[in-house]
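So this block is my_file_33.txt, compact mmCIF, C-alpha atoms and all ligand atoms:
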```txt
# COMPACT_ATOMS: atom_id res chain seq x y z
CA MET A 14 24.54 -75.83 -63.53
CA LYS A 15 27.65 -76.00 -65.68
CA VAL A 16 30.43 -78.41 -64.62
CA LYS A 17 32.87 -75.58 -63.90
CA ASP A 18 30.25 -73.77 -61.78
CA PHE A 19 29.47 -76.97 -59.88
CA ILE A 20 33.17 -77.58 -59.13
CA LYS A 21 33.51 -74.01 -57.88
CA TRP A 22 30.36 -74.34 -55.74
CA ALA A 23 31.44 -77.77 -54.38
CA LYS A 24 34.83 -76.36 -53.40
CA SER A 25 33.26 -73.50 -51.48
CA MET A 26 30.91 -75.97 -49.71
CA GLN A 27 33.84 -78.16 -48.69
CA GLU A 28 35.74 -75.16 -47.33
CA GLU A 29 32.69 -74.09 -45.33
CA GLU A 30 32.22 -77.65 -44.00
CA ASN A 31 35.85 -77.79 -42.91
CA ARG A 32 35.37 -74.46 -41.12
CA ILE A 33 32.23 -75.82 -39.40
CA MET A 34 34.09 -79.02 -38.46
CA LEU A 35 36.82 -76.99 -36.77
CA THR A 36 34.36 -74.66 -35.02
CA LYS A 37 32.14 -77.48 -33.78
CA GLY A 38 35.20 -79.65 -33.11
CA GLU A 39 35.44 -78.33 -29.59
CA GLU A 40 31.87 -79.57 -29.02
CA TYR A 41 32.77 -83.10 -30.14
CA THR A 42 36.04 -83.45 -28.29
CA VAL A 43 35.06 -81.66 -25.06
CA GLY A 44 38.69 -80.55 -24.84
CA ASP A 45 40.03 -84.11 -25.25
CA GLU A 46 42.51 -85.01 -28.00
CA ASP A 47 40.21 -87.83 -29.17
CA LYS A 48 38.11 -86.46 -32.06
CA PHE A 49 35.23 -88.78 -31.10
CA LYS A 50 35.37 -88.23 -27.32
CA ASN A 51 31.86 -86.75 -27.09
CA PHE A 52 30.31 -89.61 -29.08
CA LYS A 53 32.13 -92.18 -26.94
CA SER A 54 31.09 -90.46 -23.73
CA ILE A 55 27.40 -90.35 -24.75
CA ALA A 56 27.58 -93.94 -26.02
CA GLU A 57 28.92 -95.10 -22.66
CA ARG A 58 26.17 -93.29 -20.75
CA VAL A 59 23.34 -94.81 -22.80
CA LYS A 60 25.09 -98.18 -23.29
CA THR A 61 25.44 -98.10 -27.05
CA THR A 62 28.22 -97.52 -29.58
CA PRO A 63 29.76 -94.17 -30.67
CA GLU A 64 28.80 -95.02 -34.27
CA ARG A 65 25.14 -95.30 -33.31
CA VAL A 66 25.26 -91.93 -31.52
CA ALA A 67 26.69 -90.34 -34.70
CA LEU A 68 24.10 -92.19 -36.79
CA ILE A 69 21.27 -90.74 -34.68
CA TYR A 70 22.65 -87.21 -35.19
CA LEU A 71 23.00 -87.88 -38.91
CA LEU A 72 19.42 -89.20 -39.17
CA LYS A 73 18.10 -86.05 -37.49
CA HIS A 74 19.64 -83.99 -40.30
CA MET A 75 18.56 -86.51 -42.94
CA ASP A 76 14.95 -86.21 -41.72
CA SER A 77 15.12 -82.42 -42.17
CA ILE A 78 16.58 -82.85 -45.65
CA ARG A 79 13.93 -85.47 -46.50
CA ASN A 80 11.20 -83.14 -45.23
CA TYR A 81 12.57 -80.33 -47.37
CA ILE A 82 12.63 -82.50 -50.51
CA LEU A 83 9.18 -84.01 -49.94
CA ASN A 84 7.33 -81.00 -48.50
CA GLY A 85 9.48 -78.00 -49.38
CA THR A 86 9.66 -76.91 -45.76
CA GLN A 87 12.90 -75.43 -44.44
CA PRO A 88 13.93 -76.37 -40.92
CA SER A 89 13.07 -73.43 -38.67
CA ASP A 90 16.40 -73.17 -36.86
CA GLU A 91 18.87 -73.75 -39.71
CA SER A 92 18.98 -73.43 -43.52
CA ILE A 93 18.71 -76.54 -45.69
CA THR A 94 22.28 -75.90 -46.86
CA GLY A 95 23.42 -75.95 -43.23
CA ARG A 96 21.61 -79.26 -42.68
CA ILE A 97 23.33 -80.77 -45.72
CA GLN A 98 26.73 -79.49 -44.53
CA ASP A 99 26.13 -80.94 -41.06
CA ALA A 100 24.97 -84.27 -42.52
CA ARG A 101 28.13 -84.43 -44.65
CA ASN A 102 30.26 -83.72 -41.59
CA TYR A 103 28.51 -86.45 -39.57
CA LEU A 104 29.22 -88.85 -42.45
CA LEU A 105 32.87 -87.80 -42.29
CA LEU A 106 32.93 -88.39 -38.52
CA LEU A 107 31.24 -91.78 -38.99
CA GLY A 108 33.83 -92.64 -41.64
CA GLY A 109 36.57 -91.72 -39.18
CA MET A 110 35.04 -93.88 -36.45
CA ILE A 111 34.71 -96.83 -38.83
CA ALA A 112 38.34 -96.34 -39.92
CA GLU A 113 39.45 -96.25 -36.28
CA ASP A 114 37.30 -99.30 -35.51
CA THR A 115 38.74 -101.22 -38.45
CA ILE A 116 42.28 -100.41 -37.37
CA ASP A 117 41.69 -101.32 -33.75
CA ARG A 118 38.28 -102.87 -33.03
CA LYS A 119 37.72 -103.03 -29.35
CA TYR A 120 34.05 -102.35 -28.60
CA CYS A 121 30.98 -104.58 -28.76
CA LYS A 122 29.00 -103.35 -31.78
CA ASN A 123 25.79 -103.61 -29.77
CA CYS A 124 26.39 -102.49 -26.18
CA GLY A 125 29.71 -100.69 -26.57
CA SER A 126 31.49 -102.69 -23.85
CA THR A 127 35.20 -103.22 -24.36
CA LEU A 128 35.80 -106.58 -26.01
CA GLY A 129 38.14 -108.95 -24.23
CA ILE A 130 38.07 -106.93 -21.00
CA ASP A 131 34.55 -106.24 -19.71
CA CYS A 132 33.46 -109.87 -19.89
CA GLY A 133 36.44 -111.03 -17.84
CA ASP A 134 37.73 -114.60 -17.76
CA ALA A 135 34.36 -116.17 -16.99
CA GLU A 136 32.93 -115.57 -20.44
CA HIS A 137 34.68 -115.19 -23.78
CA ASP A 138 33.53 -112.67 -26.37
CA TYR A 139 30.92 -114.15 -28.72
CA ASN A 140 33.01 -113.16 -31.76
CA ASP A 141 35.18 -110.30 -33.10
CA GLY A 142 32.30 -107.80 -33.00
CA PHE A 143 30.08 -108.78 -30.08
CA CYS A 144 30.60 -109.48 -26.37
CA SER A 145 27.79 -112.02 -26.08
CA ARG A 146 25.27 -114.02 -28.09
CA GLY A 147 22.54 -111.75 -26.68
CA CYS A 148 24.30 -108.65 -28.05
CA TYR A 149 24.80 -110.36 -31.41
CA GLN A 150 21.07 -111.14 -31.67
CA ASP A 151 19.98 -107.78 -30.23
CA ASN A 152 22.09 -105.95 -32.83
CA PHE A 153 20.12 -107.55 -35.64
CA SER A 154 16.77 -106.73 -33.99
CA THR A 155 17.86 -103.06 -33.87
CA ILE A 156 19.03 -103.11 -37.50
CA ASN A 157 15.67 -104.61 -38.54
CA ALA A 158 13.80 -101.92 -36.59
CA ILE A 159 15.85 -99.15 -38.28
CA ASN A 160 15.28 -100.72 -41.71
CA GLN A 161 11.54 -101.03 -41.09
CA SER A 162 11.27 -97.38 -40.00
CA TYR A 163 12.71 -96.38 -43.37
CA HIS A 164 10.36 -98.55 -45.41
CA VAL A 165 7.15 -97.19 -43.85
CA ASP A 166 5.72 -94.37 -45.92
ZN ZN B 1 27.70 -106.35 -25.89
```

For the file at hand, write its structure as structure tokens.
Ligand SMILES: [Zn+2]
Amino acid sequence: MKVKDFIKWAKSMQEEENRIMLTKGEEYTVGDEDKFKNFKSIAERVKTTPERVALIYLLKHMDSIRNYILNGTQPSDESITGRIQDARNYLLLLGGMIAEDTIDRKYCKNCGSTLGIDCGDAEHDYNDGFCSRGCYQDNFSTINAINQSYHVD
């Protein structure tokens, strides 16, 4: 593909992804003004973080893309291009959540509880990112499990 053709193609992909982001936006916000409302709501219900919910969605698309590259099989319900566009949008949403988190970190990175509030006066937060020592240690067990699942092949 020539550079000028790639730039033209990339631009049309980005426009399509923006259109998808706006269309599916209603799904993510559930009518709320918070762009990440749906992720936060799911995270709260399963006691994890919004970032992890988005990561799970992203990995689902990445598995389809991986399957396509390795086996040449298209996902049955959506084109490979659609999967790539969705994956890119989940990355964008994750980037937004990380930006929001960096500006105003307030959730335990492991269990999603609000730092400085949920633990009350009886127990201080373990550090800037975790509510307790248990959550700090548990977070690294989860990261190791995710890493291991991507090294098995
Ligand atoms: Zn925690």

Which residues are close to Glu30 of chain A, i.e. within 12 Å by only C-alpha atoms, leaving aside same-chain residues fewer than 5 positions away? Reply as a short mmCIF file (atom, residue, chain, number, x, y, z; two decimals) with C-alpha atoms, in the frame of the given file.
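Contents of around.cif, as written:
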```cif
data_model
loop_
_atom_site.label_atom_id
_atom_site.label_comp_id
_atom_site.auth_asym_id
_atom_site.auth_seq_id
_atom_site.Cartn_x
_atom_site.Cartn_y
_atom_site.Cartn_z
CA ALA A 23 31.44 -77.77 -54.38
CA LYS A 24 34.83 -76.36 -53.40
CA SER A 25 33.26 -73.50 -51.48
CA LEU A 35 36.82 -76.99 -36.77
CA THR A 36 34.36 -74.66 -35.02
CA LYS A 37 32.14 -77.48 -33.78
CA GLY A 38 35.20 -79.65 -33.11
CA THR A 94 22.28 -75.90 -46.86
CA GLY A 95 23.42 -75.95 -43.23
CA ARG A 96 21.61 -79.26 -42.68
CA ILE A 97 23.33 -80.77 -45.72
CA GLN A 98 26.73 -79.49 -44.53
CA ASP A 99 26.13 -80.94 -41.06
CA ALA A 100 24.97 -84.27 -42.52
CA ARG A 101 28.13 -84.43 -44.65
CA ASN A 102 30.26 -83.72 -41.59
CA TYR A 103 28.51 -86.45 -39.57
CA LEU A 104 29.22 -88.85 -42.45
CA LEU A 105 32.87 -87.80 -42.29
#
```

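For the set A:Met26, A:Ala112, A:Cys121, A:Ile93, the residue with the smallest atom-to-atom gap to Tyr139 of chain A is A:Cys121, counting all atoms listed in the file.
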
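Between atom CA of Gly125 of chain A and atom CA of Lys60 of chain A the interatomic distance comes to 6.2 Å.
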
7 Å shell around ligand ZN 1 (chain B) using all atoms listed in the file, listed as a list in words: Cys121, Lys122, Asn123, Cys124, Gly125, Ser126, Phe143, Cys144, Ser145 and Cys148 of chain A

For a quick check of understanding, using only C-alpha atoms, which of A:Lys48, A:Leu128, A:Ile159, A:Tyr81 has the smallest distance to Leu68 of chain A?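 Of A:Lys48, A:Leu128, A:Ile159, A:Tyr81, the one nearest Leu68 of chain A, counting only C-alpha atoms, is A:Ile159.
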
Coordinates-based distance that separates atom CA of Met34 of chain A from atom CA of Phe49 of chain A (Å, one decimal):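 Distance between the two atoms: 12.3 Å.
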
Between atom CA of Arg65 of chain A and atom CA of Asn31 of chain A, distance in Å (one decimal):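 Computing the Euclidean distance for atom CA of Arg65 of chain A and atom CA of Asn31 of chain A yields 22.7 Å.
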
Using only C-alpha atoms, can you list as an MDAnalysis selection string the residues within 9 Å of (27.9, -88.5, -30.2)? chainID A and resid 41 49:56 63:70

Would you mind exporting the chosen residues as a JSON list (two decimals), in the frame of the given file, restricted to C-alpha atoms?
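again39.json, freshly written:
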```json
[["chain", "number", "residue", "atom", "x", "y", "z"],
["A", 41, "TYR", "CA", 32.77, -83.10, -30.14],
["A", 49, "PHE", "CA", 35.23, -88.78, -31.10],
["A", 50, "LYS", "CA", 35.37, -88.23, -27.32],
["A", 51, "ASN", "CA", 31.86, -86.75, -27.09],
["A", 52, "PHE", "CA", 30.31, -89.61, -29.08],
["A", 53, "LYS", "CA", 32.13, -92.18, -26.94],
["A", 54, "SER", "CA", 31.09, -90.46, -23.73],
["A", 55, "ILE", "CA", 27.40, -90.35, -24.75],
["A", 56, "ALA", "CA", 27.58, -93.94, -26.02],
["A", 63, "PRO", "CA", 29.76, -94.17, -30.67],
["A", 64, "GLU", "CA", 28.80, -95.02, -34.27],
["A", 65, "ARG", "CA", 25.14, -95.30, -33.31],
["A", 66, "VAL", "CA", 25.26, -91.93, -31.52],
["A", 67, "ALA", "CA", 26.69, -90.34, -34.70],
["A", 68, "LEU", "CA", 24.10, -92.19, -36.79],
["A", 69, "ILE", "CA", 21.27, -90.74, -34.68],
["A", 70, "TYR", "CA", 22.65, -87.21, -35.19]]
```

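Nearest residue to Asp47 of chain A among A:Asp90, A:Leu71, A:Asp18, A:Met110 is A:Met110, counting all atoms listed in the file.
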
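Residue nearest Ser89 of chain A within the list A:Ser162, A:Ser77, A:Thr127, A:Ser154: A:Ser77 [criterion: smallest interatomic distance, all atoms listed in the file].
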